[in-house]
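Asker: Let me begin by handing over the structure; questions about it come next.
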Amino acid sequence: MIVTLILITIILILYLIHIYRCYSFFKCRGIDGPRPTFFLGNVADFARTKRISISIHNWTKQFGRIYGYFEGHTPVFVISEPDILDKIFRKYFSKFHSRRQFPLEERSTTKGVHLFSATGDEWRRQRNIINPTFSRYKINRMLPIINDCITNLMIKLDECIKIESEGFDIYKLYKCLTMDLIWRCCFSIKTDMQNNPNNPYLIRSQQVFARENCTFLTTLLGIFIPELQPCWLFIHCWINKIKAKLREYLPMGDKLIADDPSEWLKENVKYFVEKAPENCDETDLLHLMLEATERNINNTNQKNSSKRLLTLNEVKQNIYLFMIAGYETASTALAYVTHILATHPNEQKKLQDYIDRYISNDTILDYDALNKIECLDWFIRETLRMYPITPIIINRQCSEQIDLPELGCILPGTKFTLDMYSLHYDNELWGPVDTKIFYPERFATERHPLAWVAFGAGPRNCVGMKFALTEIKITIIRLLQKYTIVPSTSTNEDLELVELVTIAPKQLKVRLEPRTQIL
Ligand code: HEM
């Protein structure tokens, strides 16, 4: 009886908060301004599609290019109008510099915040330090390492062809490849995940992107009552602590109870920082970040300039971020490109013909030369147009009140997201060839700058974009020089996709036929 009463009271309070928040949201917008449709986020729809980006796309079809929904009682605008997105992501960036905080995403300055979660000046400071890691010059210096890791992939592929002639899951190998690339190029740590797929860092990084049922309830509470975010985080931390103790003391605890992969990774990146001084290459990301830490800055002027400093905790947080952000996205992009190659033999032949004609087996292409291969660049962009990888992370939060003619008064804290599927499949933006058709040449025509947002947009776009495109291009060139990719018996035209932070295929089975006539 008492429990029921408490529950009813909680629901009533939540309902009142909800009404109050919705009322104040609409009141501030005035009655004369534009009034985009706002509706209560339809949880049933989400439960049916099991993919937030598909639900958002369905809502766009229903409500148009500008609308909003309430996530709990938090209003979220969904925009697929490129001119308005241009204002939010580029023109008025100073008022939209931050991302929204996800439920259970910690932003504690004592523990350090990484680039992805940092806001305002904190973000600017970190981005200034990290940006040079991915300059043209630095990427050129990484090329021998990238090629070396891809050579290991080619050896693995040869082995797989012999063992599993009917087809094998190439995505698994790509994950090991991109993890090796991150560790070696960004942290100067010589790893061989391709021959050691049970490496605990690799396993934990994969788990970060898997569905974690144990956080489901606290995540939901975070969405519906964001005001109590510190409470949900506290509960989440305690659950992890209790789990860690049970793992330690229960017989077979470590087998029965899984640890939290993010926490494990964050805890263990200490190893990188300790090893760094002996191993670091002076151009890599870890070196740049450590150079910018307080302990390495003796000059008082530099010390006083908060612009250039990173704390040791921020360095650790960023190692964790790059480990997971760089590996999952790039391997998934490689998987999609491979799927398209397998299912579009004519497109594959076009690329192979170009590669055979202009690139010999021992050519090492530098960054500029790679960029000049338009057909390859278009192929990758077209793949990422049709198969977006991270739509839900592209969002912005307003930090200062602003009036936008199309939306009216925007208050600080208002959240914006975009519908990547609507943008990428819009025939007005991408025609005349139907957007459902794979047609890389559509990139030969100049398009709206906000029509293609695979790597986000504006000053806060993906910092690893150049690096990702370089590793994907070299892998594809070397793969097509040696093999023709063909579908395995179980390859479907439609991939089975799973969405959490990224949208990724469950697996990607293909067959590789060694090419006999290589120039
Ligand atoms: C095909 C591969 C990749 C895709 C599709 C991708 C996509 C994205 C997207 C959509 C964003 C958000 C941008 C925005 O909000 O405007 C982002 C941010 C980010 N990405 Fe990537 N990414 C890829 C590869 C990488 C790699 C290889 C790294 C690291 C080496 C990386 C590191 C990051 C970081 C650190 C951010 C946060 C940037 C900031 O907030 O300033 N990404 N990425």
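We name chains A, B, ... following the order of the structure tokens; residues begin at 1 in each chain, and ligands are numbered from 1 as shown.
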With a cut-off of 8 Å, could you pull out the residues of chain A touching ligand 1 and give me the nearest pair of atoms for each, distance in Å to one decimal, using only C-alpha atoms and all ligand atoms, ordered by chain and ascending number, as a tab-separated table?

Answerer:
residue	atom	partner	partner_atom_place_in_ligand_line	distance
A:Phe89	CA	ligand 1	16 (O)	7.4
A:Arg99	CA	ligand 1	15 (O)	7.2
A:Leu115	CA	ligand 1	40 (O)	5.3
A:Phe116	CA	ligand 1	40 (O)	3.9
A:Ser117	CA	ligand 1	40 (O)	6.7
A:Ala118	CA	ligand 1	40 (O)	7.3
A:Trp123	CA	ligand 1	41 (O)	6.9
A:Arg127	CA	ligand 1	41 (O)	6.0
A:Ile182	CA	ligand 1	30 (C)	6.5
A:Cys186	CA	ligand 1	30 (C)	7.5
A:Asn318	CA	ligand 1	35 (C)	7.7
A:Leu321	CA	ligand 1	35 (C)	6.5
A:Phe322	CA	ligand 1	29 (C)	5.1
A:Met323	CA	ligand 1	29 (C)	7.5
A:Ala325	CA	ligand 1	31 (C)	5.0
A:Gly326	CA	ligand 1	26 (C)	3.6
A:Tyr327	CA	ligand 1	27 (C)	6.3
A:Glu328	CA	ligand 1	2 (C)	7.9
A:Thr329	CA	ligand 1	2 (C)	4.3
A:Ala330	CA	ligand 1	2 (C)	4.0
A:Ser331	CA	ligand 1	1 (C)	7.5
A:Thr332	CA	ligand 1	1 (C)	7.2
A:Ala333	CA	ligand 1	1 (C)	5.0
A:Leu334	CA	ligand 1	1 (C)	7.7
A:Leu384	CA	ligand 1	5 (C)	7.3
A:Pro388	CA	ligand 1	5 (C)	7.1
A:Ile389	CA	ligand 1	5 (C)	5.5
A:Thr390	CA	ligand 1	10 (C)	5.3
A:Pro391	CA	ligand 1	10 (C)	6.3
A:Ile393	CA	ligand 1	12 (C)	5.7
A:Ile394	CA	ligand 1	15 (O)	4.0
A:Asn395	CA	ligand 1	15 (O)	5.8
A:Arg396	CA	ligand 1	15 (O)	7.3
A:Val453	CA	ligand 1	10 (C)	6.9
A:Ala454	CA	ligand 1	5 (C)	5.3
A:Phe455	CA	ligand 1	10 (C)	3.9
A:Gly456	CA	ligand 1	16 (O)	3.2
A:Ala457	CA	ligand 1	16 (O)	4.3
A:Gly458	CA	ligand 1	16 (O)	6.4
A:Pro459	CA	ligand 1	41 (O)	7.6
A:Arg460	CA	ligand 1	41 (O)	4.6
A:Asn461	CA	ligand 1	16 (O)	3.7
A:Cys462	CA	ligand 1	18 (C)	3.6
A:Val463	CA	ligand 1	33 (C)	5.0
A:Gly464	CA	ligand 1	28 (C)	3.7
A:Met465	CA	ligand 1	24 (C)	5.5
A:Phe467	CA	ligand 1	27 (C)	5.8
A:Ala468	CA	ligand 1	27 (C)	4.4
A:Leu469	CA	ligand 1	1 (C)	6.7
A:Ile472	CA	ligand 1	1 (C)	7.9

Asker: Can you build me a table of region 360-450 of chain A residues sitting at most 10 Å from region 132-149 of chain A, with the closest atom pair per residue and its distance in Å to one decimal, using only C-alpha atoms, sorted by chain and residue number, as a Markdown table?

Answerer:
| residue | atom | partner | partner_atom | distance |
| --- | --- | --- | --- | --- |
| A:Ile364 | CA | A:Leu143 | CA | 8.0 |
| A:Leu365 | CA | A:Leu143 | CA | 8.3 |
| A:Asp366 | CA | A:Asn140 | CA | 5.9 |
| A:Tyr367 | CA | A:Asn140 | CA | 5.9 |
| A:Asp368 | CA | A:Arg136 | CA | 8.0 |

Asker: Can you write out the residues you just picked, keeping C-alpha atoms, as a short mmCIF file (atom, residue, chain, number, x, y, z; two decimals), in the first residue's frame?

Answerer:
data_model
loop_
_atom_site.label_atom_id
_atom_site.label_comp_id
_atom_site.auth_asym_id
_atom_site.auth_seq_id
_atom_site.Cartn_x
_atom_site.Cartn_y
_atom_site.Cartn_z
CA ILE A 364 53.45 4.63 -51.05
CA LEU A 365 50.87 7.32 -51.60
CA ASP A 366 51.15 10.41 -49.46
CA TYR A 367 48.16 12.31 -48.05
CA ASP A 368 47.84 14.70 -51.01
#

Asker: I'd like to know which residues of region 241-461 of chain A are alpha helix (DSSP H) (by DSSP, run on the backbone); could you write them as an MDAnalysis selection string?

Answerer: chainID A and resid 241:249 253:256 261:268 270:279 285:291 300:304 312:343 345:358 367:372 374:386 420:424 427:430

Asker: I need the residue nearest His114 (chain A) from this list: A:Ile17, A:Val269, A:Ile319, A:Ile155. Use only C-alpha atoms for the distance.

Answerer: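 Nearest candidate to His114 (chain A) out of A:Ile17, A:Val269, A:Ile319, A:Ile155: A:Ile319.
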
Asker: Tell me, in Å to one decimal, how far CA of Met386 (chain A) is from CA of Gly68 (chain A).

Answerer: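 Rounded to one decimal, the two atoms are 24.4 Å apart.
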
Asker: Could you pull out the strand (DSSP E) residues of region 58-278 of chain A from DSSP and send them as a list in words?

Answerer: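 Reading the DSSP output for region 58-278 of chain A, strand (DSSP E) covers Ile66, Tyr67, Gly68, Tyr69, Phe70, Glu71, Thr74, Pro75, Val76, Phe77, Val78, Ile79, Phe168 and Asp169 of chain A.
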
Asker: Please write the residues from the selection above to a file, keeping N, CA and C atoms, as an mmCIF file, in the first residue's frame.

Answerer:
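Listed below is the output, part.cif:
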data_model
loop_
_atom_site.group_PDB
_atom_site.id
_atom_site.type_symbol
_atom_site.label_atom_id
_atom_site.label_comp_id
_atom_site.auth_asym_id
_atom_site.auth_seq_id
_atom_site.Cartn_x
_atom_site.Cartn_y
_atom_site.Cartn_z
ATOM 1 N N ILE A 66 11.285 20.564 -39.769
ATOM 2 C CA ILE A 66 11.541 21.250 -38.497
ATOM 3 C C ILE A 66 10.459 20.820 -37.516
ATOM 4 N N TYR A 67 10.854 20.161 -36.461
ATOM 5 C CA TYR A 67 9.881 19.810 -35.419
ATOM 6 C C TYR A 67 10.655 19.541 -34.139
ATOM 7 N N GLY A 68 9.941 19.162 -33.112
ATOM 8 C CA GLY A 68 10.623 18.856 -31.856
ATOM 9 C C GLY A 68 9.895 17.748 -31.135
ATOM 10 N N TYR A 69 10.588 17.115 -30.231
ATOM 11 C CA TYR A 69 9.911 16.121 -29.390
ATOM 12 C C TYR A 69 10.413 16.282 -27.970
ATOM 13 N N PHE A 70 9.605 15.790 -27.037
ATOM 14 C CA PHE A 70 10.021 15.865 -25.642
ATOM 15 C C PHE A 70 10.646 14.538 -25.246
ATOM 16 N N GLU A 71 11.895 14.628 -24.804
ATOM 17 C CA GLU A 71 12.565 13.435 -24.295
ATOM 18 C C GLU A 71 12.395 13.541 -22.791
ATOM 19 N N THR A 74 12.428 17.134 -21.625
ATOM 20 C CA THR A 74 13.452 17.951 -22.273
ATOM 21 C C THR A 74 13.091 18.155 -23.739
ATOM 22 N N PRO A 75 12.869 19.411 -24.155
ATOM 23 C CA PRO A 75 12.540 19.616 -25.573
ATOM 24 C C PRO A 75 13.776 19.449 -26.458
ATOM 25 N N VAL A 76 13.623 18.693 -27.520
ATOM 26 C CA VAL A 76 14.731 18.496 -28.460
ATOM 27 C C VAL A 76 14.223 18.860 -29.860
ATOM 28 N N PHE A 77 14.891 19.827 -30.486
ATOM 29 C CA PHE A 77 14.541 20.163 -31.871
ATOM 30 C C PHE A 77 15.183 19.156 -32.813
ATOM 31 N N VAL A 78 14.441 18.746 -33.848
ATOM 32 C CA VAL A 78 15.038 17.903 -34.892
ATOM 33 C C VAL A 78 14.949 18.671 -36.204
ATOM 34 N N ILE A 79 16.109 18.950 -36.778
ATOM 35 C CA ILE A 79 16.140 19.810 -37.962
ATOM 36 C C ILE A 79 16.752 19.035 -39.139
ATOM 37 N N PHE A 168 34.110 -15.421 -44.710
ATOM 38 C CA PHE A 168 34.446 -15.189 -43.301
ATOM 39 C C PHE A 168 34.064 -13.770 -42.918
ATOM 40 N N ASP A 169 34.028 -13.519 -41.613
ATOM 41 C CA ASP A 169 33.598 -12.210 -41.115
ATOM 42 C C ASP A 169 34.793 -11.239 -41.145
#

Asker: Do you have, as CSV, the list of residues of region 71-183 of chain A lying at most 12 Å from region 494-513 of chain A, each with its nearest atom pair and that distance in Å to one decimal, counting only C-alpha atoms and ordered by chain then number?

Answerer:
residue,atom,partner,partner_atom,distance
A:Phe102,CA,A:Val501,CA,10.7
A:Met154,CA,A:Leu512,CA,11.2
A:Leu157,CA,A:Leu512,CA,8.3
A:Asp158,CA,A:Leu512,CA,9.1
A:Glu159,CA,A:Leu512,CA,11.3
A:Cys160,CA,A:Leu512,CA,9.3
A:Ile161,CA,A:Leu512,CA,6.8
A:Lys162,CA,A:Leu512,CA,10.3
A:Ile163,CA,A:Arg511,CA,11.5
A:Glu164,CA,A:Arg511,CA,8.7
A:Ser165,CA,A:Arg511,CA,7.0
A:Glu166,CA,A:Arg511,CA,6.5
A:Gly167,CA,A:Arg511,CA,4.4
A:Phe168,CA,A:Lys509,CA,4.9
A:Asp169,CA,A:Lys509,CA,4.3
A:Ile170,CA,A:Leu508,CA,6.0
A:Tyr171,CA,A:Leu508,CA,5.5
A:Lys172,CA,A:Gln507,CA,7.5
A:Leu173,CA,A:Leu508,CA,10.3
A:Tyr174,CA,A:Leu508,CA,10.3
A:Lys175,CA,A:Gln507,CA,11.1

Asker: Output C-alpha atoms for every residue in that selection, as a tab-separated table (two decimals), in the first residue's frame.

Answerer:
chain	number	residue	atom	x	y	z
A	102	PHE	CA	23.89	11.96	-22.49
A	154	MET	CA	46.77	-8.93	-45.70
A	157	LEU	CA	43.25	-12.37	-44.96
A	158	ASP	CA	45.43	-14.99	-46.69
A	159	GLU	CA	45.03	-17.25	-43.66
A	160	CYS	CA	41.24	-16.75	-43.58
A	161	ILE	CA	40.84	-17.55	-47.25
A	162	LYS	CA	42.61	-20.87	-46.72
A	163	ILE	CA	40.62	-21.83	-43.64
A	164	GLU	CA	37.16	-20.46	-44.51
A	165	SER	CA	36.85	-20.64	-48.26
A	166	GLU	CA	33.05	-20.19	-48.13
A	167	GLY	CA	33.41	-16.74	-46.60
A	168	PHE	CA	34.45	-15.19	-43.30
A	169	ASP	CA	33.60	-12.21	-41.12
A	170	ILE	CA	35.99	-9.52	-42.37
A	171	TYR	CA	34.53	-6.92	-39.95
A	172	LYS	CA	36.17	-8.74	-37.03
A	173	LEU	CA	39.57	-8.33	-38.69
A	174	TYR	CA	38.90	-4.66	-39.44
A	175	LYS	CA	38.22	-4.03	-35.75

Asker: If we count only C-alpha atoms and set the cut-off at 10 Å, which residues sit around Ile373 (chain A), ignoring sequence neighbours fewer than 3 positions away in its own chain? Please answer as a VMD selection string.

Answerer: chain A and resid 351 354 to 355 358 368 to 370 376 to 378 473

Asker: Tell me which protein, DNA and RNA residues are within 7 Å of Gln397 (chain A), counting only C-alpha atoms, leaving out same-chain ones fewer than 5 positions away, and put them as a PDB file with N, CA and C atoms, in the first residue's frame.

Answerer:
ATOM      1  N   PHE A  96      26.405  27.732 -30.005  1.00  0.00           N
ATOM      2  CA  PHE A  96      26.030  26.308 -30.042  1.00  0.00           C
ATOM      3  C   PHE A  96      27.300  25.451 -30.036  1.00  0.00           C
ATOM      4  N   SER A  98      28.478  23.406 -27.700  1.00  0.00           N
ATOM      5  CA  SER A  98      28.566  22.188 -26.885  1.00  0.00           C
ATOM      6  C   SER A  98      27.593  21.117 -27.361  1.00  0.00           C
ATOM      7  N   ARG A  99      27.919  19.891 -26.969  1.00  0.00           N
ATOM      8  CA  ARG A  99      26.971  18.795 -27.221  1.00  0.00           C
ATOM      9  C   ARG A  99      26.099  18.620 -25.996  1.00  0.00           C
ATOM     10  N   ARG A 100      24.950  18.009 -26.193  1.00  0.00           N
ATOM     11  CA  ARG A 100      24.087  17.711 -25.052  1.00  0.00           C
ATOM     12  C   ARG A 100      24.737  16.617 -24.214  1.00  0.00           C
ATOM     13  N   GLY A 413      20.301  26.044 -23.209  1.00  0.00           N
ATOM     14  CA  GLY A 413      19.939  24.686 -22.777  1.00  0.00           C
ATOM     15  C   GLY A 413      19.108  23.942 -23.815  1.00  0.00           C
ATOM     16  N   THR A 414      18.544  24.677 -24.801  1.00  0.00           N
ATOM     17  CA  THR A 414      17.728  23.978 -25.810  1.00  0.00           C
ATOM     18  C   THR A 414      18.625  23.063 -26.647  1.00  0.00           C
ATOM     19  N   LYS A 415      18.108  21.879 -26.905  1.00  0.00           N
ATOM     20  CA  LYS A 415      18.928  20.877 -27.600  1.00  0.00           C
ATOM     21  C   LYS A 415      18.485  20.724 -29.048  1.00  0.00           C
ATOM     22  N   PHE A 416      19.495  20.498 -29.904  1.00  0.00           N
ATOM     23  CA  PHE A 416      19.223  20.327 -31.333  1.00  0.00           C
ATOM     24  C   PHE A 416      19.866  19.050 -31.820  1.00  0.00           C
TER      25      PHE A 416
END

Asker: For Arg515 (chain A), which residue among A:Val433, A:Ile257, A:Leu286, A:Leu479 is the nearest when counting only C-alpha atoms?

Answerer: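 Answer, going by the shortest atom-to-atom distance: A:Leu479.
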
Asker: To one decimal in Å, tell me the separation between CA of Leu309 (chain A) and CA of Arg125 (chain A).

Answerer: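 That distance, rounded to one decimal, is 7.4 Å.
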
Asker: May I ask for the distance between CA of Ser360 (chain A) and CA of Tyr439 (chain A), given in Å to one decimal place?

Answerer: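 So the answer is 26.5 Å.
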
Asker: List the spatial neighbours of Thr191 (chain A) as a compact mmCIF listing (two decimals) with C-alpha atoms, in the first residue's frame - criterion: any atom at most 10 Å away, only C-alpha atoms, same-chain residues fewer than 2 positions off excluded.

Answerer:
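Produced file out.txt, reproduced below:
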# COMPACT_ATOMS: atom_id res chain seq x y z
CA CYS A 149 49.39 -2.61 -39.95
CA CYS A 176 41.62 -5.45 -34.81
CA MET A 179 42.64 -0.73 -32.95
CA ASP A 180 46.27 -1.43 -33.91
CA LEU A 181 46.25 1.75 -35.99
CA ILE A 182 45.03 3.91 -33.12
CA TRP A 183 47.50 2.47 -30.62
CA ARG A 184 50.44 2.70 -32.94
CA SER A 188 53.25 4.92 -30.22
CA ILE A 189 52.51 1.57 -28.58
CA MET A 193 45.68 -7.05 -31.91
CA GLN A 194 45.31 -8.79 -35.26
CA ASN A 195 47.15 -11.77 -33.84
CA ASN A 196 45.80 -11.26 -30.37
CA ASN A 199 43.56 -8.48 -25.88

Asker: Mind checking which residues fall within 12 Å of Ala444 (chain A), counting only C-alpha atoms, ignoring those fewer than 5 positions away in the same chain, and posting them as a list in words?

Answerer: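 My reading of the contact set: Glu374, Cys375, Asp377, Trp378, Phe379, Arg381, Glu382, Trp430, Gly431 and Tyr439 of chain A.
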